[in-house]
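The next block is coords-v9.pdb, given as PDB, C-alpha atoms, pLDDT in the B column.
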ATOM      1  CA  ALA A   1     -23.441  33.076 -14.513  1.00 41.00           C
ATOM      2  CA  LYS A   2     -22.658  30.792 -11.605  1.00 39.00           C
ATOM      3  CA  ARG A   3     -24.902  27.823 -11.146  1.00 39.00           C
ATOM      4  CA  LYS A   4     -26.839  27.703  -7.901  1.00 41.00           C
ATOM      5  CA  ALA A   5     -26.014  24.866  -5.533  1.00 40.00           C
ATOM      6  CA  GLY A   6     -29.632  23.819  -5.292  1.00 40.00           C
ATOM      7  CA  GLY A   7     -29.839  23.155  -9.032  1.00 36.00           C
ATOM      8  CA  ALA A   8     -27.020  20.621  -9.275  1.00 38.00           C
ATOM      9  CA  THR A   9     -27.629  17.150 -10.659  1.00 30.00           C
ATOM     10  CA  PRO A  10     -27.294  14.341  -8.095  1.00 35.00           C
ATOM     11  CA  ALA A  11     -24.115  12.285  -8.484  1.00 35.00           C
ATOM     12  CA  GLY A  12     -24.938   9.450  -6.116  1.00 36.00           C
ATOM     13  CA  LYS A  13     -26.493   8.563  -2.783  1.00 39.00           C
ATOM     14  CA  ARG A  14     -25.336   8.225   0.788  1.00 41.00           C
ATOM     15  CA  ALA A  15     -25.656   4.918   2.602  1.00 39.00           C
ATOM     16  CA  ALA A  16     -28.860   6.150   4.231  1.00 41.00           C
ATOM     17  CA  GLY A  17     -30.330   7.249   0.896  1.00 42.00           C
ATOM     18  CA  GLU A  18     -29.460  10.948   1.090  1.00 42.00           C
ATOM     19  CA  VAL A  19     -28.499  12.461  -2.250  1.00 41.00           C
ATOM     20  CA  VAL A  20     -24.830  13.415  -2.594  1.00 44.00           C
ATOM     21  CA  LEU A  21     -24.144  16.362  -4.886  1.00 50.00           C
ATOM     22  CA  PRO A  22     -20.761  16.713  -6.641  1.00 51.00           C
ATOM     23  CA  GLU A  23     -20.331  20.070  -4.864  1.00 56.00           C
ATOM     24  CA  GLU A  24     -20.310  18.354  -1.460  1.00 58.00           C
ATOM     25  CA  GLN A  25     -17.344  16.211  -2.481  1.00 62.00           C
ATOM     26  CA  ALA A  26     -15.288  19.153  -3.739  1.00 69.00           C
ATOM     27  CA  THR A  27     -12.342  20.599  -1.831  1.00 77.00           C
ATOM     28  CA  VAL A  28     -13.326  23.606   0.284  1.00 83.00           C
ATOM     29  CA  MET A  29     -11.320  26.708  -0.641  1.00 87.00           C
ATOM     30  CA  ARG A  30     -12.504  28.799   2.288  1.00 90.00           C
ATOM     31  CA  TYR A  31     -15.470  29.459   4.573  1.00 93.00           C
ATOM     32  CA  VAL A  32     -17.419  32.708   4.768  1.00 95.00           C
ATOM     33  CA  ILE A  33     -20.015  33.894   7.253  1.00 96.00           C
ATOM     34  CA  GLU A  34     -22.590  36.640   6.773  1.00 97.00           C
ATOM     35  CA  TYR A  35     -26.212  37.629   7.272  1.00 97.00           C
ATOM     36  CA  ALA A  36     -28.443  36.250   4.511  1.00 96.00           C
ATOM     37  CA  LYS A  37     -29.109  39.010   1.998  1.00 94.00           C
ATOM     38  CA  SER A  38     -32.519  37.579   1.072  1.00 93.00           C
ATOM     39  CA  GLY A  39     -34.735  34.653   1.933  1.00 94.00           C
ATOM     40  CA  ARG A  40     -33.959  32.755  -1.266  1.00 94.00           C
ATOM     41  CA  SER A  41     -30.852  30.776  -0.300  1.00 94.00           C
ATOM     42  CA  LYS A  42     -31.255  27.212   0.921  1.00 95.00           C
ATOM     43  CA  CYS A  43     -29.354  25.385   3.647  1.00 95.00           C
ATOM     44  CA  GLN A  44     -27.628  22.438   1.974  1.00 92.00           C
ATOM     45  CA  ALA A  45     -27.901  20.351   5.155  1.00 91.00           C
ATOM     46  CA  THR A  46     -31.581  20.845   6.018  1.00 93.00           C
ATOM     47  CA  LYS A  47     -32.844  21.912   2.558  1.00 93.00           C
ATOM     48  CA  ALA A  48     -34.810  24.680   4.315  1.00 95.00           C
ATOM     49  CA  LEU A  49     -34.786  28.268   3.115  1.00 96.00           C
ATOM     50  CA  ILE A  50     -32.525  30.569   5.124  1.00 96.00           C
ATOM     51  CA  PRO A  51     -34.503  33.621   6.337  1.00 96.00           C
ATOM     52  CA  GLU A  52     -33.261  37.062   5.355  1.00 96.00           C
ATOM     53  CA  GLY A  53     -30.899  38.424   8.009  1.00 96.00           C
ATOM     54  CA  GLU A  54     -30.149  34.953   9.455  1.00 96.00           C
ATOM     55  CA  LEU A  55     -26.522  33.985  10.021  1.00 96.00           C
ATOM     56  CA  ARG A  56     -25.284  31.623   7.333  1.00 96.00           C
ATOM     57  CA  ILE A  57     -21.946  29.989   6.536  1.00 96.00           C
ATOM     58  CA  GLY A  58     -20.799  29.463   2.996  1.00 94.00           C
ATOM     59  CA  LYS A  59     -18.447  26.772   1.726  1.00 91.00           C
ATOM     60  CA  VAL A  60     -16.588  28.301  -1.211  1.00 91.00           C
ATOM     61  CA  ILE A  61     -15.499  25.644  -3.704  1.00 88.00           C
ATOM     62  CA  ASP A  62     -14.352  25.382  -7.301  1.00 87.00           C
ATOM     63  CA  ASN A  63     -17.522  24.981  -9.353  1.00 84.00           C
ATOM     64  CA  PRO A  64     -17.562  21.316 -10.529  1.00 82.00           C
ATOM     65  CA  HIS A  65     -19.890  22.325 -13.379  1.00 83.00           C
ATOM     66  CA  ASN A  66     -17.696  25.232 -14.489  1.00 84.00           C
ATOM     67  CA  PRO A  67     -14.075  24.661 -13.337  1.00 83.00           C
ATOM     68  CA  GLY A  68     -12.125  27.814 -12.572  1.00 84.00           C
ATOM     69  CA  GLN A  69     -15.131  29.665 -11.189  1.00 88.00           C
ATOM     70  CA  GLU A  70     -16.076  29.770  -7.530  1.00 90.00           C
ATOM     71  CA  MET A  71     -19.427  28.767  -6.149  1.00 90.00           C
ATOM     72  CA  CYS A  72     -20.745  29.003  -2.605  1.00 92.00           C
ATOM     73  CA  LEU A  73     -22.862  26.416  -0.788  1.00 93.00           C
ATOM     74  CA  TRP A  74     -24.852  28.006   2.028  1.00 95.00           C
ATOM     75  CA  TYR A  75     -25.640  26.432   5.391  1.00 95.00           C
ATOM     76  CA  LEU A  76     -27.262  27.400   8.643  1.00 95.00           C
ATOM     77  CA  VAL A  77     -24.549  27.402  11.314  1.00 93.00           C
ATOM     78  CA  LYS A  78     -25.532  24.453  13.521  1.00 89.00           C
ATOM     79  CA  PRO A  79     -26.642  22.086  10.703  1.00 91.00           C
ATOM     80  CA  LEU A  80     -23.277  22.615   8.991  1.00 91.00           C
ATOM     81  CA  LEU A  81     -21.349  21.785  12.144  1.00 87.00           C
ATOM     82  CA  GLU A  82     -23.523  18.719  12.755  1.00 83.00           C
ATOM     83  CA  ARG A  83     -22.750  17.488   9.248  1.00 83.00           C
ATOM     84  CA  MET A  84     -19.027  18.051   9.771  1.00 81.00           C
ATOM     85  CA  ARG A  85     -19.107  15.782  12.828  1.00 74.00           C
ATOM     86  CA  LYS A  86     -19.872  12.849  10.514  1.00 70.00           C
ATOM     87  CA  GLN A  87     -16.923  13.502   8.232  1.00 67.00           C
ATOM     88  CA  LYS A  88     -13.609  11.676   8.378  1.00 62.00           C
ATOM     89  CA  GLU A  89     -11.094  12.815  10.977  1.00 59.00           C
ATOM     90  CA  THR A  90      -8.822  14.073   8.186  1.00 57.00           C
ATOM     91  CA  SER A  91     -11.490  16.473   6.872  1.00 64.00           C
ATOM     92  CA  LYS A  92     -11.073  20.149   7.682  1.00 67.00           C
ATOM     93  CA  LYS A  93     -13.194  21.190  10.643  1.00 71.00           C
ATOM     94  CA  LEU A  94     -14.460  24.622  11.650  1.00 77.00           C
ATOM     95  CA  ILE A  95     -13.186  25.149  15.184  1.00 78.00           C
ATOM     96  CA  GLU A  96     -11.799  28.715  15.173  1.00 86.00           C
ATOM     97  CA  PRO A  97     -13.472  32.062  14.340  1.00 91.00           C
ATOM     98  CA  ARG A  98     -10.409  32.985  12.277  1.00 89.00           C
ATOM     99  CA  ASP A  99     -11.408  30.228   9.841  1.00 89.00           C
ATOM    100  CA  LEU A 100     -14.463  32.296   8.867  1.00 94.00           C
ATOM    101  CA  GLU A 101     -14.045  35.116   6.378  1.00 94.00           C
ATOM    102  CA  GLY A 102     -16.407  37.934   7.405  1.00 95.00           C
ATOM    103  CA  TYR A 103     -16.437  37.074  11.113  1.00 94.00           C
ATOM    104  CA  GLN A 104     -15.185  40.537  12.082  1.00 94.00           C
ATOM    105  CA  LYS A 105     -18.128  42.118  10.262  1.00 95.00           C
ATOM    106  CA  LEU A 106     -20.681  40.444  12.534  1.00 95.00           C
ATOM    107  CA  SER A 107     -22.201  42.244  15.491  1.00 95.00           C
ATOM    108  CA  ALA A 108     -20.353  41.824  18.787  1.00 94.00           C
ATOM    109  CA  ALA A 109     -23.208  39.706  20.135  1.00 95.00           C
ATOM    110  CA  ASP A 110     -23.165  37.354  17.128  1.00 95.00           C
ATOM    111  CA  GLN A 111     -19.378  37.103  17.249  1.00 94.00           C
ATOM    112  CA  GLN A 112     -19.713  35.893  20.824  1.00 93.00           C
ATOM    113  CA  VAL A 113     -22.373  33.338  19.869  1.00 93.00           C
ATOM    114  CA  VAL A 114     -20.336  31.969  16.957  1.00 93.00           C
ATOM    115  CA  ALA A 115     -17.158  31.834  19.047  1.00 92.00           C
ATOM    116  CA  GLY A 116     -19.022  29.875  21.724  1.00 89.00           C
ATOM    117  CA  VAL A 117     -20.421  27.367  19.245  1.00 88.00           C
ATOM    118  CA  LEU A 118     -16.985  26.828  17.690  1.00 88.00           C
ATOM    119  CA  ALA A 119     -15.431  26.389  21.125  1.00 85.00           C
ATOM    120  CA  GLU A 120     -17.870  23.514  21.706  1.00 79.00           C
ATOM    121  CA  GLU A 121     -16.839  22.005  18.366  1.00 79.00           C
ATOM    122  CA  LYS A 122     -13.171  22.301  19.270  1.00 77.00           C
ATOM    123  CA  LYS A 123     -13.831  20.410  22.488  1.00 72.00           C
ATOM    124  CA  LEU A 124     -15.823  17.816  20.590  1.00 69.00           C
ATOM    125  CA  HIS A 125     -12.960  17.164  18.171  1.00 66.00           C
ATOM    126  CA  ALA A 126     -10.398  16.948  20.972  1.00 61.00           C
ATOM    127  CA  GLY A 127      -7.720  14.326  20.665  1.00 54.00           C
ATOM    128  CA  ALA A 128      -8.266  10.889  22.168  1.00 46.00           C
ATOM    129  CA  GLU A 129      -5.863  11.714  24.986  1.00 45.00           C
ATOM    130  CA  GLU A 130      -8.317  14.353  26.222  1.00 62.00           C
ATOM    131  CA  TYR A 131     -11.235  11.966  26.639  1.00 67.00           C
ATOM    132  CA  GLN A 132     -12.124  11.123  30.222  1.00 71.00           C
ATOM    133  CA  SER A 133     -13.018   7.511  29.384  1.00 80.00           C
ATOM    134  CA  LYS A 134     -12.877   5.339  26.310  1.00 83.00           C
ATOM    135  CA  CYS A 135     -14.101   1.821  25.573  1.00 87.00           C
ATOM    136  CA  ARG A 136     -13.113  -0.114  22.441  1.00 87.00           C
ATOM    137  CA  LEU A 137     -14.751  -3.413  21.519  1.00 90.00           C
ATOM    138  CA  ILE A 138     -14.336  -5.850  18.639  1.00 90.00           C
ATOM    139  CA  HIS A 139     -16.585  -8.547  17.180  1.00 89.00           C
ATOM    140  CA  PRO A 140     -15.723 -11.954  15.657  1.00 88.00           C
ATOM    141  CA  ASP A 141     -17.400 -10.790  12.435  1.00 89.00           C
ATOM    142  CA  GLY A 142     -14.581  -8.294  11.875  1.00 89.00           C
ATOM    143  CA  LYS A 143     -16.357  -5.228  13.249  1.00 91.00           C
ATOM    144  CA  PHE A 144     -15.360  -2.718  15.898  1.00 91.00           C
ATOM    145  CA  TRP A 145     -17.365  -0.435  18.162  1.00 91.00           C
ATOM    146  CA  GLU A 146     -16.037   2.258  20.480  1.00 90.00           C
ATOM    147  CA  ILE A 147     -17.395   4.995  22.695  1.00 89.00           C
ATOM    148  CA  SER A 148     -15.599   7.952  24.274  1.00 86.00           C
ATOM    149  CA  LEU A 149     -16.720  10.281  27.058  1.00 86.00           C
ATOM    150  CA  LEU A 150     -15.881  13.975  27.367  1.00 81.00           C
ATOM    151  CA  ASP A 151     -17.869  16.051  29.858  1.00 81.00           C
ATOM    152  CA  ASN A 152     -21.471  16.009  28.575  1.00 83.00           C
ATOM    153  CA  LEU A 153     -20.560  14.484  25.191  1.00 83.00           C
ATOM    154  CA  THR A 154     -20.334  10.882  24.028  1.00 87.00           C
ATOM    155  CA  VAL A 155     -18.637  10.048  20.740  1.00 85.00           C
ATOM    156  CA  THR A 156     -19.485   6.649  19.258  1.00 88.00           C
ATOM    157  CA  ARG A 157     -17.703   5.101  16.290  1.00 86.00           C
ATOM    158  CA  TRP A 158     -18.375   1.764  14.600  1.00 89.00           C
ATOM    159  CA  GLY A 159     -17.528  -0.041  11.372  1.00 89.00           C
ATOM    160  CA  LEU A 160     -15.318  -2.694   9.832  1.00 89.00           C
ATOM    161  CA  ILE A 161     -11.937  -3.295  11.425  1.00 87.00           C
ATOM    162  CA  GLY A 162      -9.325  -1.525   9.329  1.00 83.00           C
ATOM    163  CA  GLU A 163     -11.661   1.316   8.288  1.00 82.00           C
ATOM    164  CA  ASP A 164     -12.400   4.712   9.845  1.00 77.00           C
ATOM    165  CA  GLY A 165     -16.008   3.707  10.442  1.00 81.00           C
ATOM    166  CA  VAL A 166     -19.032   5.903  11.115  1.00 85.00           C
ATOM    167  CA  LYS A 167     -18.975   8.543  13.845  1.00 80.00           C
ATOM    168  CA  HIS A 168     -21.931   9.693  15.946  1.00 82.00           C
ATOM    169  CA  VAL A 169     -21.762  12.513  18.500  1.00 81.00           C
ATOM    170  CA  LYS A 170     -24.423  12.881  21.171  1.00 84.00           C
ATOM    171  CA  LYS A 171     -24.710  15.897  23.465  1.00 83.00           C
ATOM    172  CA  HIS A 172     -26.347  15.112  26.811  1.00 88.00           C
ATOM    173  CA  SER A 173     -28.066  17.478  29.211  1.00 89.00           C
ATOM    174  CA  CYS A 174     -25.406  16.945  31.863  1.00 90.00           C
ATOM    175  CA  PRO A 175     -22.102  15.072  32.450  1.00 87.00           C
ATOM    176  CA  GLU A 176     -23.904  12.545  34.648  1.00 90.00           C
ATOM    177  CA  GLY A 177     -26.272  11.657  31.816  1.00 90.00           C
ATOM    178  CA  ALA A 178     -23.350  11.224  29.433  1.00 89.00           C
ATOM    179  CA  SER A 179     -21.579   8.975  31.917  1.00 90.00           C
ATOM    180  CA  CYS A 180     -24.675   6.749  32.327  1.00 91.00           C
ATOM    181  CA  TYR A 181     -25.084   6.513  28.543  1.00 91.00           C
ATOM    182  CA  PHE A 182     -21.406   5.559  28.208  1.00 90.00           C
ATOM    183  CA  THR A 183     -21.676   2.774  30.793  1.00 89.00           C
ATOM    184  CA  GLU A 184     -25.038   1.376  29.651  1.00 89.00           C
ATOM    185  CA  HIS A 185     -24.106   1.186  25.976  1.00 87.00           C
ATOM    186  CA  SER A 186     -20.687  -0.327  26.682  1.00 86.00           C
ATOM    187  CA  MET A 187     -22.319  -3.111  28.709  1.00 85.00           C
ATOM    188  CA  LYS A 188     -25.101  -3.661  26.163  1.00 85.00           C
ATOM    189  CA  LYS A 189     -22.654  -4.182  23.283  1.00 84.00           C
ATOM    190  CA  GLN A 190     -20.836  -6.857  25.290  1.00 82.00           C
ATOM    191  CA  GLU A 191     -23.813  -8.597  26.894  1.00 79.00           C
ATOM    192  CA  LYS A 192     -26.293  -8.556  23.992  1.00 81.00           C
ATOM    193  CA  ASP A 193     -24.340  -8.010  20.774  1.00 85.00           C
ATOM    194  CA  GLY A 194     -21.364 -10.326  21.262  1.00 86.00           C
ATOM    195  CA  TYR A 195     -18.586  -7.732  21.365  1.00 90.00           C
ATOM    196  CA  VAL A 196     -15.502  -8.224  23.532  1.00 89.00           C
ATOM    197  CA  GLU A 197     -13.013  -5.743  24.916  1.00 86.00           C
ATOM    198  CA  ASP A 198     -10.194  -4.894  22.526  1.00 80.00           C
ATOM    199  CA  ARG A 199      -7.369  -5.722  24.912  1.00 69.00           C
ATOM    200  CA  ALA A 200      -4.845  -6.102  22.089  1.00 60.00           C
ATOM    201  CA  GLY A 201      -5.577  -2.666  20.639  1.00 53.00           C
ATOM    202  CA  VAL A 202      -6.503  -3.947  17.184  1.00 45.00           C
ATOM    203  CA  ALA A 203      -9.737  -1.989  16.690  1.00 39.00           C
ATOM    204  CA  PHE A 204      -8.209  -0.302  13.637  1.00 39.00           C
ATOM    205  CA  GLY A 205      -6.045  -3.214  12.520  1.00 37.00           C
ATOM    206  CA  PRO A 206      -6.766  -5.848   9.842  1.00 38.00           C
ATOM    207  CA  PRO A 207      -9.605  -8.340  10.368  1.00 39.00           C
ATOM    208  CA  ALA A 208      -8.703 -11.534  12.154  1.00 40.00           C
ATOM    209  CA  PRO A 209      -7.943 -14.496   9.815  1.00 43.00           C
ATOM    210  CA  GLY A 210     -11.166 -16.175   8.772  1.00 44.00           C
ATOM    211  CA  ALA A 211     -13.352 -13.386  10.228  1.00 41.00           C
ATOM    212  CA  ARG A 212     -16.628 -12.808   8.407  1.00 43.00           C
ATOM    213  CA  ALA A 213     -16.487  -9.055   7.780  1.00 42.00           C
ATOM    214  CA  THR A 214     -20.134  -8.110   7.493  1.00 45.00           C
ATOM    215  CA  ARG A 215     -20.664  -4.395   6.989  1.00 46.00           C
ATOM    216  CA  PRO A 216     -22.351  -2.845  10.063  1.00 47.00           C
ATOM    217  CA  ARG A 217     -25.262  -0.453  10.059  1.00 50.00           C
ATOM    218  CA  THR A 218     -24.689   3.188   9.186  1.00 46.00           C
ATOM    219  CA  ARG A 219     -27.358   4.317  11.651  1.00 50.00           C
ATOM    220  CA  ALA A 220     -26.332   5.089  15.222  1.00 53.00           C
ATOM    221  CA  PRO A 221     -26.489   1.869  17.269  1.00 56.00           C
TER
END
Let me see the structure of the file written as structure tokens.
Amino acid sequence: AKRKAGGATPAGKRAAGEVVLPEEQATVMRYVIEYAKSGRSKCQATKALIPEGELRIGKVIDNPHNPGQEMCLWYLVKPLLERMRKQKETSKKLIEPRDLEGYQKLSAADQQVVAGVLAEEKKLHAGAEEYQSKCRLIHPDGKFWEISLLDNLTVTRWGLIGEDGVKHVKKHSCPEGASCYFTEHSMKKQEKDGYVEDRAGVAFGPPAPGARATRPRTRAP
């Protein structure tokens, strides 16, 4: 019998103290979407039970406890997408309905909802050239901080120079609100936190000689 995702033994912890299961680190074989057959499955992002009949997305992976057998980790739709936003840029993202096995079996109304949500994700993960504005700053301690603006979204990234860093996406109520957030936070980092504009474009380069590379916070600044 396949082992349930919720019964796995913790393999470590995230920087913020959240338990990391070995299943979460496994390569995803495919994604499936369906209506929950019962109310017993648990969303791996929120740890809440998924009500019967609720839309859920499953990450199908090779069972780390029983190699060669598949296991499925279930998620509520939005919590899964929110978790994916924090992954590395190289990680596979869900941005197209065709990436979901079972999508065609959903009701027409739910297909439209899912397609709309994924369209927002696709816009969110747009390439840097599609951003309306972008500000990159660096710190003498060997850290970088950057913020990008796209419609009503701001995407903030920070970390040690030379690393991918941590990514935080914030959805604002309107484009104007996003623009104000972009401007205010860019100024704050320079005026209060000692960052300077990265005019040389070295935000992802090696630390400057002699720089004291102190690891920045993992929480959104």
*Distance criterion (all atoms listed in the file): nearest to Asp198 in chain A out of A:Ile95, A:Ile138, A:Val166, A:Leu80*: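 Of all the options, A:Ile138 lies closest to Asp198 in chain A.
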**Prompt:** Which one of A:Arg136, A:Leu160, A:Val155, A:Gln44 sits closest to Lys189 in chain A if you count only C-alpha atoms?
**Reply:**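 Of all the options, A:Arg136 lies closest to Lys189 in chain A.
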Check the smallest atom-to-atom distance from each of A:Met187, A:Ala115, A:Leu76, A:Cys135 to Lys42 in chain A using all atoms listed in the file, then report the winner.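 Selected residue with least distance to Lys42 in chain A: A:Leu76.
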Query raised in the report: For this file, the PyMOL selection byres ((chain A and resi 74) around 8) selects which residues, as a list in words?
Result: Ser41, Lys42, Cys43, Gln44, Arg56, Ile57, Gly58, Lys59, Cys72, Leu73, Tyr75 and Leu76 of chain A
Correct to one decimal, the distance CA of Gln111 in chain A-CA of Leu150 in chain A is 25.5 Å
| How far is it from CA of Ala36 in chain A to CA of Leu55 in chain A, in Å with one decimal? |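 Atom-to-atom, CA of Ala36 in chain A and CA of Leu55 in chain A are spaced 6.3 Å apart.
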- request: Run the PyMOL selection byres ((chain A and resi 181) around 12) mentally over the shown coordinates, then write out the matched residues as a PyMOL selection string, using the chain letters and numbers from the document.
  value: chain A and resi 147-150+152-156+170-180+182-188
query: What is the CA of Arg83 in chain A-CA of Val32 in chain A distance in Å, reported with one decimal?
result: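 These two atoms are separated by 16.7 Å.
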Report task. For Trp158 in chain A, please output as a list in words all residues within 6 Å (counting only C-alpha atoms; exclusion window: fewer than 6 positions along the same chain). Result ->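 In the requested format, the answer is Phe144, Trp145, Gly165 and Val166 of chain A.
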query: Pick from A:Tyr31, A:Met84, A:Gly116, A:Asn66: nearest to Ala45 in chain A, with all atoms listed in the file counted?
result: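 The answer is A:Met84, which sits nearest to Ala45 in chain A.
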Inset, instruction - Run the PyMOL selection byres ((chain A and resi 53) around 10) against the file shown and list the residues it catches, as a PyMOL selection string. - result: chain A and resi 34-39+50-52+54-56
Axis-aligned box for all listed atoms of range 159-174 of chain A, 5 Å per side, centre and edges in Å to one decimal, as AutoDock Vina command-line options:
--center_x -18.7 --center_y 7.1 --center_z 20.1 --size_x 28.7 --size_y 30.8 --size_z 33.6
The residue from A:Asp151, A:Lys86, A:Val113, A:Lys93 with the smallest atom-to-atom distance to Asp164 in chain A, counting only C-alpha atoms, is A:Lys86
Which of A:Glu96, A:Lys78, A:Ile161, A:Glu197 sits closest to Lys134 in chain A [using only C-alpha atoms]: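 Smallest separation from Lys134 in chain A among the options: A:Glu197.
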